[in-house]
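Printed here is entry29.txt (compact mmCIF, C-alpha atoms and all ligand atoms):
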# COMPACT_ATOMS: atom_id res chain seq x y z
CA MET R 3 -19.04 -29.20 -17.27
CA GLN R 4 -18.79 -25.63 -16.00
CA LYS R 5 -19.55 -25.43 -12.32
CA TYR R 6 -19.06 -21.72 -11.72
CA ASP R 7 -19.99 -18.42 -13.31
CA TYR R 8 -16.72 -16.87 -12.12
CA LEU R 9 -13.38 -18.26 -11.10
CA VAL R 10 -11.75 -15.50 -9.04
CA VAL R 11 -7.97 -15.82 -8.99
CA GLY R 12 -6.70 -14.04 -5.87
CA ALA R 13 -8.44 -13.55 -2.52
CA GLY R 14 -7.21 -9.98 -2.00
CA LEU R 15 -9.64 -7.09 -1.60
CA PHE R 16 -10.34 -6.86 -5.32
CA GLY R 17 -11.19 -10.55 -5.72
CA CYS R 18 -13.23 -10.66 -2.51
CA VAL R 19 -15.34 -7.58 -3.36
CA PHE R 20 -15.95 -8.89 -6.87
CA ALA R 21 -16.97 -12.35 -5.59
CA HIS R 22 -19.20 -10.87 -2.88
CA GLU R 23 -21.12 -8.63 -5.27
CA ALA R 24 -21.44 -11.30 -7.97
CA THR R 25 -22.71 -13.81 -5.39
CA LYS R 26 -25.28 -11.27 -4.19
CA LYS R 27 -26.56 -11.16 -7.75
CA GLY R 28 -27.00 -14.94 -7.80
CA LYS R 29 -23.73 -15.86 -9.53
CA LYS R 30 -21.70 -18.85 -8.43
CA CYS R 31 -18.07 -18.07 -7.66
CA LEU R 32 -14.97 -20.01 -6.72
CA VAL R 33 -12.16 -17.96 -5.17
CA ILE R 34 -8.64 -19.41 -5.22
CA ASP R 35 -5.40 -18.09 -3.79
CA LYS R 36 -1.89 -19.45 -3.92
CA ARG R 37 -1.13 -18.23 -0.39
CA PRO R 38 -2.11 -20.34 2.62
CA HIS R 39 -4.61 -17.65 3.73
CA LEU R 40 -7.26 -15.29 2.40
CA GLY R 41 -7.11 -11.48 2.26
CA GLY R 42 -4.06 -10.88 0.06
CA ASN R 43 -1.95 -8.04 1.39
CA VAL R 44 -4.44 -6.92 4.02
CA TYR R 45 -4.22 -10.26 5.85
CA CYS R 46 -3.59 -10.04 9.61
CA GLU R 47 -1.94 -12.75 11.69
CA ASN R 48 -3.11 -12.84 15.29
CA VAL R 49 -0.25 -13.22 17.77
CA ASP R 50 -1.76 -13.71 21.22
CA GLY R 51 -4.39 -11.04 20.71
CA ILE R 52 -2.36 -8.61 18.57
CA ASN R 53 -3.24 -8.34 14.88
CA ILE R 54 -0.01 -8.28 12.89
CA HIS R 55 -0.33 -6.61 9.48
CA LYS R 56 1.69 -9.33 7.79
CA TYR R 57 2.32 -7.53 4.49
CA GLY R 58 2.95 -4.05 5.87
CA ALA R 59 0.99 -1.56 7.96
CA HIS R 60 -2.48 -0.89 6.54
CA ILE R 61 -4.50 2.16 7.56
CA PHE R 62 -7.90 2.57 5.98
CA HIS R 63 -8.78 6.08 4.84
CA THR R 64 -11.20 7.54 2.31
CA ASN R 65 -13.19 10.63 1.46
CA ASP R 66 -15.90 8.57 -0.18
CA LYS R 67 -18.88 7.96 2.11
CA HIS R 68 -20.12 5.15 -0.10
CA ILE R 69 -16.83 3.19 0.31
CA TRP R 70 -16.73 3.95 4.03
CA ASP R 71 -20.29 2.62 4.48
CA TYR R 72 -19.38 -0.38 2.35
CA VAL R 73 -16.49 -1.52 4.58
CA ASN R 74 -18.45 -0.70 7.74
CA GLN R 75 -20.98 -3.39 6.76
CA PHE R 76 -18.37 -6.00 7.58
CA ALA R 77 -16.51 -4.57 10.57
CA GLU R 78 -16.74 -1.73 13.03
CA PHE R 79 -13.83 0.71 12.67
CA ASN R 80 -11.99 2.32 15.56
CA ASN R 81 -10.94 5.99 15.61
CA TYR R 82 -7.23 5.38 14.94
CA ILE R 83 -5.57 8.41 13.35
CA ASN R 84 -2.27 7.84 11.61
CA SER R 85 0.32 10.22 13.10
CA PRO R 86 3.76 8.80 12.30
CA VAL R 87 6.96 10.24 13.69
CA SER R 88 10.39 10.18 12.10
CA ILE R 89 13.80 9.80 13.74
CA SER R 90 16.63 11.65 12.05
CA LYS R 91 20.15 12.07 13.49
CA GLY R 92 18.89 11.21 16.97
CA LYS R 93 16.01 13.71 16.95
CA LEU R 94 12.32 13.02 16.63
CA TYR R 95 10.03 14.87 14.20
CA ASN R 96 6.29 14.83 13.59
CA LEU R 97 4.89 13.93 10.19
CA PRO R 98 3.41 14.99 7.85
CA PHE R 99 5.37 18.25 7.60
CA ASN R 100 3.43 20.67 9.77
CA MET R 101 3.89 23.40 12.37
CA ASN R 102 5.11 20.83 14.93
CA THR R 103 7.81 19.63 12.49
CA PHE R 104 8.88 23.22 11.72
CA TYR R 105 9.13 23.99 15.44
CA GLN R 106 11.29 20.89 15.92
CA LEU R 107 13.50 21.91 12.98
CA TRP R 108 13.84 25.66 13.47
CA GLY R 109 11.99 26.67 16.64
CA THR R 110 9.45 28.63 14.55
CA LYS R 111 6.14 29.27 16.31
CA THR R 112 4.00 30.97 13.67
CA PRO R 113 3.01 30.02 10.11
CA GLU R 114 4.62 33.25 8.82
CA GLU R 115 7.99 32.36 10.35
CA ALA R 116 7.91 28.80 8.97
CA LYS R 117 6.66 29.88 5.54
CA SER R 118 9.38 32.50 5.17
CA ILE R 119 12.13 29.93 5.88
CA ILE R 120 10.66 27.44 3.41
CA GLU R 121 10.16 30.06 0.72
CA ARG R 122 13.71 31.37 1.18
CA GLN R 123 15.13 27.85 0.92
CA ILE R 124 13.07 27.05 -2.18
CA LYS R 125 14.40 30.24 -3.81
CA THR R 126 18.00 29.39 -2.90
CA TYR R 127 18.07 25.64 -3.63
CA GLY R 128 15.12 24.97 -5.97
CA CYS R 129 14.98 25.21 -9.75
CA GLU R 130 12.43 25.82 -12.51
CA ASP R 131 12.67 22.46 -14.22
CA PRO R 132 13.63 19.70 -11.72
CA LYS R 133 15.42 16.83 -13.46
CA ASN R 134 15.51 14.35 -10.57
CA LEU R 135 13.93 13.66 -7.19
CA GLU R 136 16.47 15.74 -5.28
CA GLU R 137 15.90 18.82 -7.44
CA GLN R 138 12.15 18.27 -7.23
CA ALA R 139 12.13 18.04 -3.41
CA LEU R 140 14.40 21.09 -3.04
CA SER R 141 12.04 23.03 -5.31
CA LEU R 142 8.98 22.00 -3.30
CA ILE R 143 10.18 22.20 0.31
CA GLY R 144 13.74 23.54 0.53
CA LYS R 145 16.94 22.11 1.96
CA ASP R 146 16.32 21.45 5.67
CA VAL R 147 13.15 19.35 5.40
CA TYR R 148 14.60 17.51 2.39
CA GLU R 149 17.92 16.67 4.05
CA THR R 150 16.45 15.86 7.48
CA LEU R 151 13.34 13.91 6.55
CA ILE R 152 13.26 12.93 2.89
CA LYS R 153 16.65 12.25 1.29
CA GLU R 154 18.02 9.21 3.10
CA TYR R 155 14.60 7.63 3.69
CA THR R 156 13.75 7.81 0.00
CA GLU R 157 17.18 6.52 -1.04
CA LYS R 158 16.70 3.50 1.24
CA GLN R 159 13.19 2.97 -0.05
CA TRP R 160 14.20 2.84 -3.72
CA GLY R 161 17.80 1.63 -3.35
CA LYS R 162 19.06 4.54 -5.47
CA LYS R 163 20.55 8.00 -4.96
CA ALA R 164 17.95 10.77 -4.98
CA THR R 165 19.80 12.34 -7.91
CA GLU R 166 19.26 9.12 -9.91
CA LEU R 167 15.55 8.88 -9.12
CA PRO R 168 12.98 10.48 -11.44
CA ALA R 169 11.37 13.73 -10.28
CA PHE R 170 7.83 12.37 -10.75
CA ILE R 171 8.11 10.06 -7.70
CA ILE R 172 7.36 13.17 -5.63
CA LYS R 173 4.49 14.99 -7.28
CA ARG R 174 3.48 17.03 -4.27
CA LEU R 175 4.75 17.31 -0.73
CA PRO R 176 1.99 17.89 1.77
CA VAL R 177 2.91 20.93 3.88
CA ARG R 178 0.56 22.12 6.60
CA TYR R 179 0.86 25.43 8.36
CA THR R 180 -1.25 24.14 11.25
CA PHE R 181 -0.34 22.01 14.28
CA ASN R 182 -1.95 18.89 12.81
CA ASN R 183 -0.18 15.52 12.88
CA ASN R 184 -2.96 13.58 11.10
CA TYR R 185 -1.14 12.03 8.14
CA PHE R 186 -4.21 11.79 5.93
CA ASN R 187 -6.57 14.56 4.84
CA ASP R 188 -9.49 12.18 4.32
CA LYS R 189 -12.79 12.51 6.13
CA TYR R 190 -12.95 8.84 7.21
CA GLN R 191 -10.10 6.88 8.75
CA GLY R 192 -9.59 3.93 11.08
CA ILE R 193 -8.66 0.31 11.61
CA PRO R 194 -11.26 -2.46 11.58
CA ILE R 195 -11.72 -3.65 15.16
CA GLY R 196 -10.51 -7.25 15.15
CA GLY R 197 -8.34 -6.70 12.07
CA TYR R 198 -8.85 -6.78 8.31
CA ASN R 199 -9.65 -10.50 8.30
CA LYS R 200 -13.12 -9.59 9.61
CA ILE R 201 -13.83 -7.70 6.40
CA ILE R 202 -12.48 -10.52 4.26
CA ASP R 203 -14.52 -13.14 6.16
CA GLY R 204 -17.64 -11.02 5.73
CA LEU R 205 -17.04 -10.54 2.03
CA LEU R 206 -16.46 -14.24 1.43
CA GLU R 207 -19.24 -15.60 3.63
CA GLY R 208 -21.02 -18.43 1.80
CA ILE R 209 -18.53 -18.43 -1.10
CA GLU R 210 -16.41 -21.44 -2.00
CA VAL R 211 -12.71 -20.74 -1.46
CA LYS R 212 -9.49 -22.71 -1.93
CA THR R 213 -6.11 -21.64 -0.56
CA ASN R 214 -2.64 -22.98 -1.45
CA VAL R 215 -3.80 -23.20 -5.07
CA ASP R 216 -1.76 -21.58 -7.83
CA PHE R 217 -3.84 -20.87 -10.93
CA PHE R 218 -0.85 -21.40 -13.22
CA GLU R 219 -0.23 -24.92 -11.96
CA ASN R 220 -3.51 -25.98 -13.50
CA LYS R 221 -4.55 -23.14 -15.75
CA ASN R 222 -6.51 -25.14 -18.31
CA ALA R 223 -8.42 -27.26 -15.84
CA PHE R 224 -9.34 -24.18 -13.78
CA SER R 225 -10.35 -22.18 -16.82
CA GLN R 226 -12.75 -24.91 -17.90
CA GLN R 227 -14.57 -24.82 -14.58
CA ALA R 228 -16.02 -21.34 -15.02
CA ASP R 229 -17.62 -19.15 -17.68
CA LYS R 230 -15.30 -16.28 -16.83
CA ILE R 231 -12.11 -15.66 -14.93
CA VAL R 232 -11.48 -12.67 -12.69
CA PHE R 233 -7.71 -12.46 -12.60
CA THR R 234 -6.00 -10.40 -9.87
CA GLY R 235 -2.49 -11.88 -10.14
CA LYS R 236 0.42 -10.50 -12.17
CA ILE R 237 -0.56 -9.62 -15.73
CA ASP R 238 2.91 -10.41 -17.12
CA GLU R 239 2.74 -13.89 -15.58
CA PHE R 240 -0.70 -14.43 -17.15
CA TYR R 241 0.92 -13.92 -20.55
CA ASN R 242 3.96 -16.00 -19.64
CA TYR R 243 6.24 -12.91 -19.60
CA LYS R 244 5.84 -12.59 -23.39
CA PHE R 245 7.07 -8.97 -23.33
CA GLY R 246 9.36 -9.45 -20.32
CA ASN R 247 9.01 -8.97 -16.55
CA LEU R 248 7.32 -5.97 -15.03
CA GLU R 249 9.58 -4.77 -12.21
CA TYR R 250 8.72 -4.11 -8.58
CA ARG R 251 10.33 -2.98 -5.35
CA SER R 252 10.08 -5.55 -2.58
CA LEU R 253 10.09 -5.47 1.23
CA ARG R 254 11.33 -7.82 3.93
CA PHE R 255 9.59 -7.82 7.29
CA GLU R 256 11.37 -8.82 10.49
CA ASN R 257 8.94 -9.48 13.37
CA THR R 258 9.99 -9.54 17.01
CA ARG R 259 7.86 -10.31 20.03
CA LEU R 260 8.90 -8.35 23.11
CA GLU R 261 7.79 -9.03 26.67
CA LYS R 262 7.00 -5.39 27.37
CA GLU R 263 3.79 -3.44 27.14
CA ASN R 264 4.90 -0.55 24.99
CA TYR R 265 8.03 -0.38 22.82
CA GLN R 266 7.83 2.89 20.91
CA GLY R 267 4.58 4.60 21.94
CA ASN R 268 3.31 4.87 18.37
CA ALA R 269 2.19 2.48 15.62
CA VAL R 270 4.57 3.92 13.00
CA VAL R 271 8.09 5.29 13.56
CA ASN R 272 10.16 6.12 10.48
CA TYR R 273 13.95 5.88 10.49
CA ASN R 274 15.42 8.40 8.13
CA ASP R 275 19.17 7.78 8.54
CA ALA R 276 21.07 5.83 5.89
CA GLU R 277 23.01 3.88 8.58
CA VAL R 278 19.76 2.25 9.77
CA PRO R 279 18.95 -0.45 7.19
CA TYR R 280 15.17 -0.42 7.76
CA THR R 281 12.79 2.41 6.87
CA ARG R 282 10.29 2.02 9.70
CA ILE R 283 9.25 0.09 12.76
CA ILE R 284 5.60 -0.80 13.16
CA GLU R 285 4.23 -1.60 16.62
CA HIS R 286 0.97 -3.26 15.66
CA LYS R 287 -0.88 -3.14 18.99
CA HIS R 288 -1.18 0.67 18.74
CA PHE R 289 -3.42 0.32 15.67
CA GLU R 290 -6.05 -1.16 17.96
CA PHE R 291 -5.04 0.54 21.24
CA GLY R 292 -3.97 -2.85 22.64
CA LYS R 293 -3.33 -3.26 26.35
CA GLN R 294 -1.56 -6.66 26.25
CA ALA R 295 1.47 -7.27 28.47
CA HIS R 296 3.55 -8.14 25.38
CA THR R 297 4.08 -6.38 22.07
CA VAL R 298 5.13 -7.26 18.52
CA ILE R 299 7.25 -4.96 16.37
CA THR R 300 8.07 -5.23 12.68
CA LYS R 301 11.12 -3.74 11.02
CA GLU R 302 10.53 -2.98 7.34
CA PHE R 303 13.55 -3.45 5.05
CA PRO R 304 13.19 -2.32 1.42
CA GLU R 305 14.67 -4.87 -0.98
CA GLN R 306 15.55 -5.45 -4.57
CA TRP R 307 12.78 -7.51 -6.12
CA THR R 308 13.30 -10.85 -7.86
CA THR R 309 10.60 -13.11 -9.30
CA LYS R 310 10.84 -15.25 -6.15
CA LYS R 311 10.01 -12.35 -3.80
CA GLU R 312 6.72 -10.61 -3.06
CA ALA R 313 6.00 -7.82 -5.53
CA TYR R 314 5.05 -4.72 -3.52
CA TYR R 315 5.53 -1.43 -5.35
CA PRO R 316 5.42 -1.18 -9.17
CA ILE R 317 8.45 0.63 -10.58
CA ASN R 318 6.63 3.09 -12.73
CA ASN R 319 9.32 4.12 -15.18
CA SER R 320 8.80 4.40 -18.93
CA LYS R 321 10.38 0.99 -19.61
CA ASN R 322 7.86 -0.80 -17.37
CA GLN R 323 4.95 1.34 -18.53
CA GLU R 324 5.68 0.49 -22.16
CA LYS R 325 5.72 -3.21 -21.31
CA TYR R 326 2.53 -2.90 -19.30
CA GLN R 327 0.76 -1.17 -22.19
CA GLN R 328 1.58 -4.17 -24.41
CA TYR R 329 0.08 -6.55 -21.85
CA LYS R 330 -2.92 -4.26 -21.43
CA ILE R 331 -3.69 -4.40 -25.14
CA MET R 332 -3.71 -8.21 -24.97
CA ALA R 333 -5.92 -8.12 -21.86
CA GLN R 334 -8.43 -5.84 -23.58
CA GLN R 335 -8.90 -8.45 -26.29
CA GLU R 336 -9.92 -11.20 -23.84
CA SER R 337 -13.64 -11.80 -23.72
CA ASN R 338 -13.67 -14.24 -20.82
CA VAL R 339 -11.08 -12.74 -18.50
CA ILE R 340 -11.56 -9.68 -16.31
CA PHE R 341 -8.29 -8.18 -15.03
CA GLY R 342 -8.37 -6.18 -11.82
CA GLY R 343 -6.35 -5.22 -8.75
CA ARG R 344 -2.87 -3.90 -8.16
CA LEU R 345 -0.95 -6.76 -9.84
CA ALA R 346 -3.16 -7.17 -12.89
CA GLU R 347 -3.26 -3.40 -13.50
CA TYR R 348 0.37 -2.83 -12.48
CA LYS R 349 -0.64 0.11 -10.35
CA TYR R 350 -0.30 1.17 -6.73
CA TYR R 351 -3.80 1.36 -5.31
CA ASP R 352 -4.88 2.18 -1.76
CA MET R 353 -7.55 -0.07 -0.26
CA HIS R 354 -10.43 2.34 -0.81
CA GLN R 355 -9.40 2.71 -4.45
CA ILE R 356 -9.25 -1.06 -4.95
CA ILE R 357 -12.73 -1.45 -3.47
CA ALA R 358 -14.08 1.33 -5.69
CA SER R 359 -12.43 -0.24 -8.74
CA ALA R 360 -13.83 -3.72 -7.96
CA LEU R 361 -17.34 -2.32 -7.38
CA GLN R 362 -17.17 -0.47 -10.66
CA LYS R 363 -15.95 -3.51 -12.62
CA VAL R 364 -18.49 -5.90 -11.11
CA LYS R 365 -21.31 -3.41 -11.78
CA LYS R 366 -20.26 -3.08 -15.42
CA GLU R 367 -20.02 -6.85 -15.72
CA LEU R 368 -23.37 -7.69 -14.19
CA ASN R 369 -25.42 -4.92 -15.79
P1 LIG F 401 -3.55 -8.36 -3.28
O1 LIG F 401 -3.96 -8.05 -1.91
O2 LIG F 401 -2.11 -8.47 -3.57
O3 LIG F 401 -4.27 -9.72 -3.70
C1 LIG F 401 -3.89 -10.47 -4.82
C2 LIG F 401 -3.97 -11.93 -4.44
O4 LIG F 401 -3.81 -12.74 -5.61
C3 LIG F 401 -2.87 -12.36 -3.47
O5 LIG F 401 -3.43 -12.93 -2.31
C4 LIG F 401 -2.07 -13.39 -4.26
O6 LIG F 401 -1.57 -14.44 -3.44
C5 LIG F 401 -3.10 -13.89 -5.25
N1 LIG F 401 -2.51 -14.48 -6.45
C6 LIG F 401 -1.60 -13.89 -7.28
N2 LIG F 401 -1.27 -14.75 -8.27
C7 LIG F 401 -1.98 -15.89 -8.06
C8 LIG F 401 -2.04 -17.14 -8.74
N3 LIG F 401 -1.30 -17.40 -9.82
N4 LIG F 401 -2.88 -18.09 -8.25
C9 LIG F 401 -3.61 -17.87 -7.14
N5 LIG F 401 -3.58 -16.70 -6.46
C10 LIG F 401 -2.78 -15.72 -6.91
N6 LIG F 401 -3.60 0.77 1.29
C11 LIG F 401 -4.26 1.62 2.11
O7 LIG F 401 -5.38 2.03 1.82
N7 LIG F 401 -3.67 2.03 3.28
C12 LIG F 401 -2.44 1.62 3.68
O8 LIG F 401 -1.96 2.01 4.75
C13 LIG F 401 -1.73 0.72 2.82
N8 LIG F 401 -0.52 0.29 3.16
C14 LIG F 401 0.17 -0.55 2.31
C15 LIG F 401 1.43 -0.95 2.68
C16 LIG F 401 2.16 -1.78 1.84
C17 LIG F 401 3.53 -2.22 2.24
C18 LIG F 401 1.60 -2.17 0.59
C19 LIG F 401 2.39 -3.01 -0.37
C20 LIG F 401 0.33 -1.78 0.24
C21 LIG F 401 -0.42 -0.96 1.09
N9 LIG F 401 -1.70 -0.56 0.77
C22 LIG F 401 -2.36 0.31 1.60
C23 LIG F 401 -2.36 -1.01 -0.47
C24 LIG F 401 -3.23 -2.28 -0.30
O9 LIG F 401 -2.42 -3.34 0.16
C25 LIG F 401 -3.88 -2.65 -1.64
O10 LIG F 401 -4.71 -1.62 -2.07
C26 LIG F 401 -4.73 -3.93 -1.64
O11 LIG F 401 -4.28 -4.89 -0.75
C27 LIG F 401 -4.72 -4.50 -3.04
O12 LIG F 401 -5.62 -5.59 -3.17
P2 LIG F 401 -5.54 -6.55 -4.42
O13 LIG F 401 -6.67 -7.49 -4.30
O14 LIG F 401 -5.40 -5.78 -5.67
O15 LIG F 401 -4.12 -7.31 -4.30
Show me this structure written as C-alpha cells.
Amino acid sequence: MQKYDYLVVGAGLFGCVFAHEATKKGKKCLVIDKRPHLGGNVYCENVDGINIHKYGAHIFHTNDKHIWDYVNQFAEFNNYINSPVSISKGKLYNLPFNMNTFYQLWGTKTPEEAKSIIERQIKTYGCEDPKNLEEQALSLIGKDVYETLIKEYTEKQWGKKATELPAFIIKRLPVRYTFNNNYFNDKYQGIPIGGYNKIIDGLLEGIEVKTNVDFFENKNAFSQQADKIVFTGKIDEFYNYKFGNLEYRSLRFENTRLEKENYQGNAVVNYNDAEVPYTRIIEHKHFEFGKQAHTVITKEFPEQWTTKKEAYYPINNSKNQEKYQQYKIMAQQESNVIFGGRLAEYKYYDMHQIIASALQKVKKELN
C-alpha cells in the first residue's frame, strides 16, 4: 500500500523546499537522505557555539525579494557582507578586483589611472579569439591581475594548467572602479543567525524524515511506498551509469580548532600561490561575528574526484554535457519521477537558484 504522495530522495535545499511546499498543500511526504544529517551541502556542525559550514563556506545572496522573504520565514539573517582577501607572494589583496586591489597592485588612486593600466595590458597580452582560460583572462583583465590573483589559484582549483583549461570557465571577470570590497552585487545578502540548519529545520517541521538511508539500497521497496519520487541525487547513478559517469571536481576539508579568539580576521582568505596546496582558509566564526575564546578554521584542498568522494563541482565540458543530455532524455520520459537539484540536473546552482527552481517545480507539479 502506498503511504506517501511523495518520496523525496535527498534532504538538501531542493528536497526540503519541495517537501515543505507539498506538505503545505496537504500532500504526505517522506524525506530520506543517505547522510547522517539533514540539509545536504548547507549543513552546519556546531562546535562549541561556532557553526562550521561542513561542506564549504556558504553565503546567501540574491536579488530576488521573493526568495529573500522566503528564507527569512525560517531564520533571521545577519548583515554579513562577503569581502574575501587573497594572499599572493606574501602580499594581501582585496577581492573582488576593485580600486583597493589596483592600489595594492600598482599604487593607482583614481579610476582613470587603473583603467589605463588594465586597458594597456589587455591590448598587449589579450587576443581576439581566446582559445584557453589563460588567453581569456589576459583578454579580460591583463597580465598583472591574472598572474597575481587568478592563474595559480585557478590551476589549483581545477588541477590543470590554465592553458589546458577551456576559456568558457571564465565568462566575465567582475572589475569595479570603486573602492567596494563587497564580493556580490546582489541586493540581499547574509548568513542565517544560528546557521543554515535553522532553515532546514523550519522547512522540514512536521515532515517525516529518515537519515542514513540510501535510496539505491532499497530502490524498489522505497518506490512502492509513494505515488511519486522527487530525486535529488546523481542522475547517472539513478540510471546505473548506463551512459557512463558524469565527472566532478571534489574538495577535501581539513578542520582545526585553535585556542585563540581570532586567527585571520576575516571569514574567507584565499591563497593564490601554487606552493600552498589549499585554495582558501575559512574562519567560520566571522560569518556570525562570533566572540568565542576559541576558533575553528578550515583549509580547503581541491581534489580529483572518484565515485567514492563527494561530488562538488560538475566538470562542464562537452563530453560530460553529451552524457548528461542522454540521461536528461531518459528523465523526461519518467512520469513518476521528478528530478531536481544540483546532482540530478548536473549543474552548479547557488542556494537562491536552487530554492527558486524547487518552488517552480513544486508549483508546476501541484497546479
Ligand atoms: P545537496 O545539498 O547536495 O543535497 C542533495 C542531497 O541528496 C544530499 O544530502 C545527499 O546526501 C542526498 N542524496 C544523494 N543521493 C542519495 C541517495 N541515493 N539516497 C539518499 N540520499 C541521497 N551557494 C550559495 O548560494 N552561496 C555560497 O556561498 C555557496 N557556496 C558553495 C560552496 C561549495 C564548496 C559548494 C559545493 C556549493 C556552494 N553553494 C553555494 C551551492 C549550494 O551548496 C547549493 O546550491 C545547494 O546546497 C544545492 O542543494 P541541493 O538540494 O541541490 O543538493
(message) Counting only C-alpha atoms, I want the residues whose atoms come within 12 Å of (-14.6, -12.5, -9.7) in the file frame, returned as a ChimeraX atom specification.
(response) /R:6-25,29-34,206,209-211,228-234,338-343,360-361,363-365,367-368
(request) Considering all atoms listed in the file, return as a VMD selection string whatever protein or nucleic-acid residues lie within 6 Å of segment 179-189 of chain R, sequence-local ones (same chain, fewer than 2 positions apart) excluded. (result) chain R and resid 64 to 65 84 to 85 97 to 98 100 to 102 113
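Interatomic distance, atom CA of Lys349 of chain R to atom CA of Pro316 of chain R: 6.3 Å.
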(request) Please extract the residues at most 7 Å from ligand LIG 401 (chain F), counting only C-alpha atoms and all ligand atoms, and provide them as an NGL selection string, using the chain letters and residue numbers of this document. (result) :R and (11-17 or 34-37 or 40-44 or 57-63 or 215-218 or 234-236 or 314-315 or 342-345 or 350-356)
(request) Find the spatial neighbours of segment 114-126 of chain R, counting all atoms listed in the file, within a cut-off of 7 Å - ignore same-chain residues fewer than 6 positions away - and output them as a PyMOL selection string. (result) chain R and resi 104+140-145
(message) Could you check the closest approach to Gln306 of chain R for each of R:Ser252, R:Gln327, R:Ser225, R:Thr150 and tell me which residue wins, using only C-alpha atoms?
(response)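 Closest to Gln306 of chain R of all the choices is R:Ser252.
Between Lys311 of chain R and the residues R:Ile201, R:Ile83, R:Leu253, R:Leu94, the shortest atom-to-atom distance, using all atoms listed in the file, involves R:Leu253.
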(message) Calculated over only C-alpha atoms, which of the candidates R:Val278, R:Ile172, R:Ile54, R:Ala269 has the smallest distance to Gly92 of chain R?
(response) R:Val278
(request) Quick one: pull the distance between atom CA of Ala358 of chain R and atom CA of Val73 of chain R, Å, one decimal. (result) 10.9 Å
(message) Could you tell me how far atom CA of Lys56 of chain R sits from atom CA of Glu249 of chain R, in Å to one decimal place?
(response) 22.0 Å
Please list as a PDB file with C-alpha atoms, keeping the file's coordinate frame every residue within 8 Å of Asp275 of chain R, counting all atoms listed in the file and excluding residues in the same chain fewer than 5 positions away.
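And here is the file that came out, selection02.pdb:
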ATOM      1  CA  ILE R  89      13.800   9.800  13.740  1.00  0.00           C
ATOM      2  CA  SER R  90      16.630  11.650  12.050  1.00  0.00           C
ATOM      3  CA  LYS R  91      20.150  12.070  13.490  1.00  0.00           C
ATOM      4  CA  GLU R 154      18.020   9.210   3.100  1.00  0.00           C
ATOM      5  CA  TYR R 155      14.600   7.630   3.690  1.00  0.00           C
TER       6      TYR R 155
END
Using only C-alpha atoms, I'd like a table of the residues in segment 48-149 of chain R that come within 10 Å of segment 161-165 of chain R; for each, show the closest atom pair and its distance in Å rounded to one decimal, ordered by chain and ascending number, as a tab-separated table.
residue	atom	partner	partner_atom	distance
R:Lys133	CA	R:Thr165	CA	8.4
R:Asn134	CA	R:Thr165	CA	5.4
R:Leu135	CA	R:Ala164	CA	5.4
R:Glu136	CA	R:Ala164	CA	5.2
R:Glu137	CA	R:Thr165	CA	7.6
R:Gln138	CA	R:Thr165	CA	9.7
R:Ala139	CA	R:Ala164	CA	9.4
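Minimum atom-to-atom distance to Trp160 of chain R, evaluated using all atoms listed in the file, belongs to R:Tyr250 out of R:Phe240, R:Phe291, R:Tyr250, R:Trp70.
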(request) Rank nothing, just name the residue among R:Tyr329, R:Lys27, R:Tyr148, R:Gly196 nearest to Lys244 of chain R, using only C-alpha atoms. (result)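 Answer, going by the shortest atom-to-atom distance: R:Tyr329.
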(message) Applying 12 Å and only C-alpha atoms, which residues near Ala77 of chain R remain after dropping the ones on its own chain fewer than 4 positions away? List them as a ChimeraX atom specification.
(response) /R:70-73,192-205
